[in-house]
>>> print(open('start_38.csv').read())   # CSV, C-alpha atoms
chain,number,residue,atom,x,y,z
A,244,MET,CA,-1.5,-8.0,-15.8
A,245,TYR,CA,-1.8,-7.4,-12.0
A,246,MET,CA,-4.1,-9.7,-10.1
A,247,ILE,CA,-6.5,-8.1,-7.6
A,248,ASN,CA,-8.8,-11.1,-6.8
A,249,SER,CA,-8.2,-14.3,-8.7
A,250,GLU,CA,-11.5,-15.9,-7.5
A,251,ASN,CA,-13.4,-13.0,-9.1
A,252,GLN,CA,-11.1,-13.0,-12.1
A,253,GLU,CA,-10.3,-9.4,-11.2
A,254,PHE,CA,-7.2,-7.7,-12.5
A,255,VAL,CA,-5.8,-4.5,-13.9
A,256,VAL,CA,-3.6,-4.0,-17.0
A,257,PRO,CA,-1.4,-0.9,-17.6
A,258,VAL,CA,-1.5,0.2,-21.2
A,259,ILE,CA,2.0,1.0,-22.4
A,260,ALA,CA,3.0,3.0,-25.5
A,261,ARG,CA,6.7,2.7,-25.7
A,262,THR,CA,7.0,4.0,-29.3
A,263,MET,CA,5.4,7.3,-28.2
A,264,GLU,CA,7.6,8.0,-25.2
A,265,LYS,CA,10.3,10.5,-25.0
A,266,LYS,CA,13.7,9.1,-24.2
A,267,GLU,CA,13.7,8.7,-20.4
A,268,ARG,CA,16.0,10.9,-18.4
A,269,TYR,CA,16.9,9.0,-15.2
A,270,THR,CA,16.9,11.3,-12.2
A,271,GLU,CA,16.8,10.6,-8.5
A,272,ARG,CA,13.3,11.0,-7.2
A,273,PHE,CA,12.5,12.0,-3.6
A,274,ARG,CA,10.9,8.9,-2.3
A,275,PHE,CA,9.7,8.0,1.2
A,276,MET,CA,11.4,5.0,2.7
A,277,SER,CA,8.7,2.5,3.6
A,278,GLU,CA,8.3,-1.1,4.8
A,279,GLN,CA,7.6,-3.8,2.3
A,280,SER,CA,4.0,-4.7,1.9
A,281,VAL,CA,2.7,-8.0,3.2
A,282,SER,CA,1.0,-10.6,1.2
A,283,GLU,CA,-1.6,-11.5,3.8
A,284,VAL,CA,-3.2,-8.9,6.1
A,285,VAL,CA,-6.0,-9.4,8.6
A,286,PHE,CA,-8.6,-6.7,7.9
A,287,GLU,CA,-10.6,-6.1,11.1
A,288,ASP,CA,-12.0,-3.0,12.7
A,289,SER,CA,-9.3,-1.2,14.7
A,290,GLU,CA,-9.4,-1.9,18.4
A,291,PRO,CA,-7.1,-0.6,21.2
A,292,SER,CA,-4.0,-2.7,21.9
A,293,VAL,CA,-4.7,-5.5,24.4
A,294,LEU,CA,-2.3,-6.0,27.3
A,295,ALA,CA,-1.1,-9.5,27.9
A,296,THR,CA,0.8,-10.8,30.9
A,297,THR,CA,4.3,-11.9,30.3
A,298,THR,CA,5.9,-14.8,32.2
A,299,SER,CA,8.8,-12.7,33.2
A,300,ASP,CA,8.6,-11.1,36.7
A,301,GLY,CA,11.3,-8.5,35.9
A,302,GLY,CA,13.3,-9.6,38.9
A,303,ASN,CA,10.9,-8.3,41.6
A,304,GLY,CA,8.3,-11.1,41.7
A,305,THR,CA,5.7,-9.0,39.8
A,306,ALA,CA,4.5,-10.0,36.3
A,307,ARG,CA,4.8,-7.1,33.9
A,308,PRO,CA,2.1,-6.5,31.2
A,309,ARG,CA,3.3,-6.1,27.6
A,310,PRO,CA,1.4,-4.7,24.6
A,311,VAL,CA,0.2,-7.2,22.0
A,312,LYS,CA,0.7,-5.9,18.5
A,313,LYS,CA,-2.6,-5.7,16.7
A,314,PRO,CA,-2.8,-6.7,13.0
A,315,ASP,CA,-2.3,-3.9,10.5
A,316,THR,CA,-5.7,-3.0,8.9
A,317,THR,CA,-4.1,-1.3,5.8
A,318,SER,CA,-1.7,-2.4,3.0
A,319,LEU,CA,-0.1,-0.9,-0.1
A,320,GLU,CA,1.1,-3.2,-2.8
A,321,VAL,CA,3.3,-1.8,-5.5
A,322,PHE,CA,1.9,-2.9,-8.9
A,323,TYR,CA,3.8,-0.8,-11.6
A,324,THR,CA,6.3,2.1,-11.3
A,325,GLN,CA,6.8,2.8,-15.0
A,326,GLN,CA,4.8,5.1,-17.3
A,327,PHE,CA,1.4,4.0,-18.7
A,328,VAL,CA,-1.2,5.8,-20.9
A,329,ASN,CA,-4.3,3.9,-19.6
A,330,LEU,CA,-5.6,1.2,-17.3
A,331,VAL,CA,-7.8,-1.6,-18.3
A,332,TYR,CA,-9.9,-3.0,-15.4
A,333,GLU,CA,-11.5,-6.5,-15.6
A,334,ASN,CA,-13.8,-8.2,-13.2
A,335,GLY,CA,-15.0,-11.4,-14.9
A,336,ALA,CA,-17.3,-12.5,-12.0
A,337,ASN,CA,-19.3,-9.2,-12.3
A,338,GLY,CA,-19.0,-8.9,-16.0
A,339,ILE,CA,-17.1,-5.6,-15.8
A,340,HIS,CA,-14.5,-4.7,-18.5
A,341,LYS,CA,-13.5,-1.1,-19.0
A,342,SER,CA,-10.7,1.4,-19.6
A,343,LEU,CA,-10.4,3.8,-16.7
A,344,ILE,CA,-9.1,6.8,-18.5
A,345,ASN,CA,-10.9,8.6,-21.4
A,346,GLU,CA,-8.4,11.4,-22.3
A,347,ARG,CA,-4.8,11.9,-23.3
A,348,PHE,CA,-2.9,10.9,-20.1
A,349,THR,CA,0.3,9.5,-18.7
A,350,GLY,CA,0.5,7.9,-15.3
A,351,TRP,CA,3.1,6.2,-13.1
A,352,GLU,CA,3.5,4.8,-9.5
A,353,LEU,CA,0.5,2.5,-9.8
A,354,ASN,CA,-0.3,0.8,-6.4
A,355,TYR,CA,-3.1,-1.3,-4.9
A,356,ILE,CA,-4.3,-0.1,-1.5
A,357,ARG,CA,-6.6,-1.8,1.1
A,358,ILE,CA,-8.1,0.0,4.1
A,359,GLY,CA,-10.1,-2.4,6.0
A,360,LYS,CA,-12.5,-3.9,3.4
A,361,LYS,CA,-12.2,-0.9,1.1
A,362,ARG,CA,-10.0,-1.4,-2.0
A,363,TYR,CA,-8.4,1.2,-4.3
A,364,LEU,CA,-6.0,1.7,-7.2
A,365,ALA,CA,-3.7,4.8,-6.6
A,366,TYR,CA,-1.4,6.4,-9.1
A,367,ILE,CA,0.2,9.7,-10.0
A,368,GLY,CA,-0.4,11.1,-13.5
A,369,THR,CA,-1.0,14.1,-15.7
A,370,THR,CA,-3.1,15.3,-18.6
A,371,LYS,CA,-1.2,18.5,-19.0
A,372,ASP,CA,2.1,19.0,-20.9
A,373,SER,CA,3.3,21.5,-18.3
A,374,ASN,CA,6.8,21.9,-19.7
A,375,GLU,CA,5.5,22.2,-23.3
A,376,ASP,CA,7.9,19.7,-24.8
A,377,GLY,CA,5.2,17.7,-26.7
A,378,TYR,CA,5.2,14.8,-24.3
A,379,LEU,CA,3.3,13.7,-21.2
A,380,ASN,CA,5.6,12.1,-18.8
A,381,THR,CA,7.2,12.2,-15.3
A,382,GLU,CA,8.8,15.6,-16.2
A,383,ASP,CA,5.4,17.2,-16.1
A,384,HIS,CA,3.5,18.1,-13.0
A,385,GLY,CA,1.6,15.2,-11.5
A,386,ASP,CA,-1.6,14.9,-9.5
A,387,LEU,CA,-2.8,11.9,-7.4
A,388,TYR,CA,-5.6,9.7,-8.6
A,389,ILE,CA,-7.6,7.3,-6.4
A,390,TYR,CA,-9.9,4.7,-8.0
A,391,ASP,CA,-12.5,3.1,-5.7
A,392,LEU,CA,-12.7,-0.5,-7.0
A,393,ASP,CA,-16.0,-1.3,-5.2
A,394,LEU,CA,-17.8,1.9,-6.1
A,395,GLN,CA,-16.2,2.2,-9.5
A,396,GLU,CA,-15.4,5.9,-8.9
A,397,MET,CA,-12.4,8.0,-9.6
A,398,LYS,CA,-11.1,10.8,-7.3
A,399,LEU,CA,-8.5,13.4,-8.4
A,400,ILE,CA,-6.4,14.9,-5.6
A,401,ASN,CA,-5.1,18.2,-6.9
A,402,ILE,CA,-3.3,20.8,-4.8
A,403,PRO,CA,-3.3,24.2,-6.5
A,404,ASN,CA,0.2,25.3,-7.7
A,405,MET,CA,1.7,22.1,-6.4
A,406,GLU,CA,2.8,18.8,-8.0
A,407,ILE,CA,2.6,15.5,-6.1
A,408,THR,CA,5.7,13.5,-6.5
A,409,ASP,CA,5.2,10.5,-4.1
A,410,TYR,CA,2.8,9.1,-1.5
A,411,PHE,CA,3.0,6.7,1.5
A,412,LEU,CA,0.2,4.9,3.3
A,413,MET,CA,0.1,5.1,7.1
A,414,LYS,CA,-0.7,2.0,9.2
A,415,ASN,CA,-4.1,1.3,10.7
A,416,ASN,CA,-5.7,4.5,9.3
A,417,PRO,CA,-6.8,5.9,5.9
A,418,ILE,CA,-4.1,8.6,5.7
A,419,LEU,CA,-1.8,9.0,2.8
A,420,ILE,CA,1.3,11.2,3.3
A,421,LEU,CA,2.1,13.2,0.1
A,422,ALA,CA,5.4,14.5,-1.0
A,423,VAL,CA,4.7,17.8,-2.8
A,424,ARG,CA,6.7,20.4,-4.7
A,425,ASP,CA,5.8,24.0,-5.7
A,426,ILE,CA,5.5,24.2,-9.5
A,427,ASN,CA,6.6,27.8,-9.4
A,428,ARG,CA,9.7,27.2,-7.4
A,429,PRO,CA,12.9,29.0,-8.5
A,430,GLU,CA,15.9,27.0,-9.6
A,431,SER,CA,17.5,27.9,-6.2
A,432,HIS,CA,14.7,25.9,-4.6
A,433,ARG,CA,14.6,23.0,-7.0
A,434,ASN,CA,15.0,20.4,-4.2
A,435,GLU,CA,12.4,22.0,-1.8
A,436,GLN,CA,9.7,19.6,-0.8
A,437,PHE,CA,6.5,20.0,1.3
A,438,ILE,CA,4.5,17.3,3.2
A,439,TYR,CA,0.7,17.0,3.0
A,440,ARG,CA,-1.7,14.5,4.4
A,441,TYR,CA,-4.8,13.2,2.6
A,442,ASN,CA,-7.6,11.3,4.3
A,443,ILE,CA,-9.0,8.8,1.8
A,444,ASN,CA,-12.3,8.4,3.7
A,445,THR,CA,-13.1,12.1,4.1
A,446,GLY,CA,-11.2,13.6,1.1
A,447,LYS,CA,-9.6,16.2,3.4
A,448,VAL,CA,-6.1,17.5,2.3
A,449,GLU,CA,-4.0,19.5,4.7
A,450,GLU,CA,-0.4,20.6,5.0
A,451,VAL,CA,1.5,18.9,7.8
A,452,ILE,CA,3.5,22.0,8.6
A,453,PRO,CA,1.2,25.1,8.6
A,454,GLU,CA,2.2,28.4,7.2
A,455,GLU,CA,2.7,30.1,10.6
A,456,GLU,CA,5.2,27.4,11.6
A,457,LYS,CA,7.1,27.7,8.3
A,458,GLN,CA,7.4,31.4,8.9
A,459,LEU,CA,8.8,30.7,12.4
A,460,HIS,CA,11.4,28.3,10.9
A,461,LEU,CA,12.4,31.0,8.3
A,462,LYS,CA,12.7,33.6,11.1
A,463,LEU,CA,15.0,31.3,13.1
A,464,ILE,CA,17.1,30.5,10.0
A,465,MET,CA,17.6,34.1,9.1
A,466,GLN,CA,18.6,35.3,12.6
>>> encode(input="start_38.csv", output="structure tokens")
Amino acid sequence: MYMINSENQEFVVPVIARTMEKKERYTERFRFMSEQSVSEVVFEDSEPSVLATTTSDGGNGTARPRPVKKPDTTSLEVFYTQQFVNLVYENGANGIHKSLINERFTGWELNYIRIGKKRYLAYIGTTKDSNEDGYLNTEDHGDLYIYDLDLQEMKLINIPNMEITDYFLMKNNPILILAVRDINRPESHRNEQFIYRYNINTGKVEEVIPEEEKQLHLKLIMQ
């Protein structure tokens, strides 16, 4: 059980089916390096940084302004990184109890995200046995799922012909940076990775490096 709000008796439970899992093959995943999430964050509307006066005169008799770090309005808390087949959501204060997934499914990388006062569950998962081995697991192509806890709505972020392998929340804005791989890549390109950005507020998905720029890189490499 992973607590979201103890006052409202709100939590989420990953449903695990160990006896149905294929033996795990441990491989190195291409993960973003990120800062540890904080336990307490002040969620206020973002404002420009305020300049404060330092007591130091810098040696010339003039006080120098220095930027005051504003509080981060976003946070990502890692809940569960292993595989699960469903999520049970409970909100005792509002009388809500339900399973979030109603089809054959395997998910992983379950995280809790806050953007201002908005709250989400985010995870990668799949409903398709893409390698046709009889199992749904991390060896299949994953999409990103975002569940709005307040609206009780699910969004599927799917990039055609791509699999989403990881994601990272940017500070003070609703942007997720996605690590993506081409599902049709040849063996010679097995480690090739692309970077996309996803705006949780608007739903817009775009590649960080556009096609024209990639062609320029290729041209420079092949010279």
>>> residues_around(input="start_38.csv", residues="region 377-390 of chain A", least_positions_apart="6", cutoff="9 Å", atoms="all atoms listed in the file", output="ChimeraX atom specification")
/A:263-265,267-268,326,343,347-351,362-371,396-402,405-410,426,443
>>> write_last_selection(input="start_38.csv", atoms="C-alpha atoms", output="mmCIF file, in the frame of the given file")
data_model
loop_
_atom_site.group_PDB
_atom_site.id
_atom_site.type_symbol
_atom_site.label_atom_id
_atom_site.label_comp_id
_atom_site.auth_asym_id
_atom_site.auth_seq_id
_atom_site.Cartn_x
_atom_site.Cartn_y
_atom_site.Cartn_z
ATOM 1 C CA MET A 263 5.400 7.300 -28.200
ATOM 2 C CA GLU A 264 7.600 8.000 -25.200
ATOM 3 C CA LYS A 265 10.300 10.500 -25.000
ATOM 4 C CA GLU A 267 13.700 8.700 -20.400
ATOM 5 C CA ARG A 268 16.000 10.900 -18.400
ATOM 6 C CA GLN A 326 4.800 5.100 -17.300
ATOM 7 C CA LEU A 343 -10.400 3.800 -16.700
ATOM 8 C CA ARG A 347 -4.800 11.900 -23.300
ATOM 9 C CA PHE A 348 -2.900 10.900 -20.100
ATOM 10 C CA THR A 349 0.300 9.500 -18.700
ATOM 11 C CA GLY A 350 0.500 7.900 -15.300
ATOM 12 C CA TRP A 351 3.100 6.200 -13.100
ATOM 13 C CA ARG A 362 -10.000 -1.400 -2.000
ATOM 14 C CA TYR A 363 -8.400 1.200 -4.300
ATOM 15 C CA LEU A 364 -6.000 1.700 -7.200
ATOM 16 C CA ALA A 365 -3.700 4.800 -6.600
ATOM 17 C CA TYR A 366 -1.400 6.400 -9.100
ATOM 18 C CA ILE A 367 0.200 9.700 -10.000
ATOM 19 C CA GLY A 368 -0.400 11.100 -13.500
ATOM 20 C CA THR A 369 -1.000 14.100 -15.700
ATOM 21 C CA THR A 370 -3.100 15.300 -18.600
ATOM 22 C CA LYS A 371 -1.200 18.500 -19.000
ATOM 23 C CA GLU A 396 -15.400 5.900 -8.900
ATOM 24 C CA MET A 397 -12.400 8.000 -9.600
ATOM 25 C CA LYS A 398 -11.100 10.800 -7.300
ATOM 26 C CA LEU A 399 -8.500 13.400 -8.400
ATOM 27 C CA ILE A 400 -6.400 14.900 -5.600
ATOM 28 C CA ASN A 401 -5.100 18.200 -6.900
ATOM 29 C CA ILE A 402 -3.300 20.800 -4.800
ATOM 30 C CA MET A 405 1.700 22.100 -6.400
ATOM 31 C CA GLU A 406 2.800 18.800 -8.000
ATOM 32 C CA ILE A 407 2.600 15.500 -6.100
ATOM 33 C CA THR A 408 5.700 13.500 -6.500
ATOM 34 C CA ASP A 409 5.200 10.500 -4.100
ATOM 35 C CA TYR A 410 2.800 9.100 -1.500
ATOM 36 C CA ILE A 426 5.500 24.200 -9.500
ATOM 37 C CA ILE A 443 -9.000 8.800 1.800
#
>>> residues_near_point(input="start_38.csv", point="(10.1, 19.3, -0.1)", cutoff="12 Å", atoms="only C-alpha atoms", output="ChimeraX atom specification")
/A:272-275,405-409,421-426,428,432-439,450-452
>>> atom_distance(input="start_38.csv", atom1="CA of Ile247 (chain A)", atom2="CA of Glu333 (chain A)")
9.6 Å
>>> atom_distance(input="start_38.csv", atom1="CA of Leu330 (chain A)", atom2="CA of Ile356 (chain A)")
15.9 Å
>>> closest_residue(input="start_38.csv", among="A:Gln325, A:Asn354, A:Asn442, A:Gln466", to="Met246 (chain A)", atoms="only C-alpha atoms")
A:Asn354
>>> atom_distance(input="start_38.csv", atom1="CA of Val331 (chain A)", atom2="CA of Asp372 (chain A)")
23.0 Å
>>> closest_residue(input="start_38.csv", among="A:Met413, A:Ile259, A:Leu419, A:Leu394", to="Lys361 (chain A)", atoms="only C-alpha atoms")
A:Leu394
>>> closest_residue(input="start_38.csv", among="A:Phe411, A:Gln252, A:Arg309, A:Ile464", to="Ala336 (chain A)", atoms="all atoms listed in the file")
A:Gln252
>>> build_atoms(input="start_38.csv", residues="region 362-373 of chain A", atoms="all heavy atoms", output="compact mmCIF listing (two decimals), keeping the file's coordinate frame")
# COMPACT_ATOMS: atom_id res chain seq x y z
N ARG A 362 -11.10 -1.06 -1.11
CA ARG A 362 -10.00 -1.40 -2.00
C ARG A 362 -9.88 -0.23 -3.07
O ARG A 362 -10.87 0.25 -3.60
CB ARG A 362 -10.26 -2.69 -2.73
CG ARG A 362 -10.59 -3.82 -1.77
CD ARG A 362 -11.01 -5.08 -2.50
NE ARG A 362 -12.03 -4.81 -3.50
CZ ARG A 362 -12.04 -5.35 -4.73
NH1 ARG A 362 -11.10 -6.18 -5.10
NH2 ARG A 362 -13.01 -5.06 -5.58
N TYR A 363 -8.62 0.13 -3.35
CA TYR A 363 -8.40 1.20 -4.30
C TYR A 363 -7.17 0.95 -5.17
O TYR A 363 -6.24 0.23 -4.78
CB TYR A 363 -8.07 2.52 -3.48
CG TYR A 363 -9.11 2.91 -2.47
CD1 TYR A 363 -9.02 2.44 -1.15
CD2 TYR A 363 -10.18 3.75 -2.80
CE1 TYR A 363 -9.97 2.80 -0.20
CE2 TYR A 363 -11.13 4.11 -1.85
CZ TYR A 363 -11.02 3.64 -0.56
OH TYR A 363 -11.95 3.98 0.38
N LEU A 364 -7.19 1.56 -6.35
CA LEU A 364 -6.00 1.70 -7.20
C LEU A 364 -5.56 3.18 -6.98
O LEU A 364 -6.39 4.09 -7.00
CB LEU A 364 -6.27 1.44 -8.63
CG LEU A 364 -6.64 0.01 -9.00
CD1 LEU A 364 -7.00 -0.06 -10.49
CD2 LEU A 364 -5.50 -0.95 -8.69
N ALA A 365 -4.27 3.40 -6.79
CA ALA A 365 -3.70 4.80 -6.60
C ALA A 365 -2.57 4.94 -7.58
O ALA A 365 -1.77 4.02 -7.77
CB ALA A 365 -3.31 4.99 -5.18
N TYR A 366 -2.48 6.12 -8.17
CA TYR A 366 -1.40 6.40 -9.10
C TYR A 366 -1.22 7.91 -9.24
O TYR A 366 -2.14 8.69 -8.98
CB TYR A 366 -1.54 5.73 -10.42
CG TYR A 366 -2.87 5.98 -11.10
CD1 TYR A 366 -3.03 7.04 -11.99
CD2 TYR A 366 -3.95 5.15 -10.88
CE1 TYR A 366 -4.24 7.27 -12.62
CE2 TYR A 366 -5.17 5.37 -11.49
CZ TYR A 366 -5.31 6.42 -12.36
OH TYR A 366 -6.52 6.66 -12.98
N ILE A 367 -0.03 8.32 -9.65
CA ILE A 367 0.20 9.70 -10.00
C ILE A 367 0.20 9.83 -11.51
O ILE A 367 0.58 8.90 -12.23
CB ILE A 367 1.62 10.13 -9.46
CG1 ILE A 367 1.65 10.03 -7.93
CG2 ILE A 367 1.97 11.56 -9.89
CD1 ILE A 367 3.00 10.29 -7.31
N GLY A 368 -0.30 10.96 -12.01
CA GLY A 368 -0.40 11.10 -13.50
C GLY A 368 -0.70 12.56 -13.84
O GLY A 368 -0.92 13.42 -12.99
N THR A 369 -0.75 12.78 -15.15
CA THR A 369 -1.00 14.10 -15.70
C THR A 369 -1.71 14.09 -17.00
O THR A 369 -1.54 13.16 -17.79
CB THR A 369 0.31 14.93 -15.78
OG1 THR A 369 0.01 16.26 -16.18
CG2 THR A 369 1.24 14.29 -16.80
N THR A 370 -2.52 15.12 -17.24
CA THR A 370 -3.10 15.30 -18.60
C THR A 370 -2.60 16.57 -19.23
O THR A 370 -3.01 16.90 -20.33
CB THR A 370 -4.68 15.48 -18.40
OG1 THR A 370 -4.95 16.62 -17.58
CG2 THR A 370 -5.30 14.24 -17.79
N LYS A 371 -1.68 17.26 -18.55
CA LYS A 371 -1.20 18.50 -19.00
C LYS A 371 0.32 18.47 -19.34
O LYS A 371 1.10 18.01 -18.51
CB LYS A 371 -1.44 19.65 -18.03
CG LYS A 371 -2.92 19.88 -17.72
CD LYS A 371 -3.09 20.99 -16.71
CE LYS A 371 -4.56 21.25 -16.41
NZ LYS A 371 -5.22 20.10 -15.79
N ASP A 372 0.70 18.94 -20.52
CA ASP A 372 2.10 19.00 -20.90
C ASP A 372 2.67 20.31 -20.30
O ASP A 372 2.82 21.33 -20.98
CB ASP A 372 2.22 19.03 -22.43
CG ASP A 372 3.65 19.10 -22.92
OD1 ASP A 372 4.58 18.89 -22.09
OD2 ASP A 372 3.85 19.40 -24.11
N SER A 373 2.99 20.26 -19.01
CA SER A 373 3.30 21.50 -18.30
C SER A 373 4.63 22.14 -18.74
O SER A 373 4.79 23.35 -18.65
CB SER A 373 3.39 21.21 -16.77
OG SER A 373 4.33 20.19 -16.49
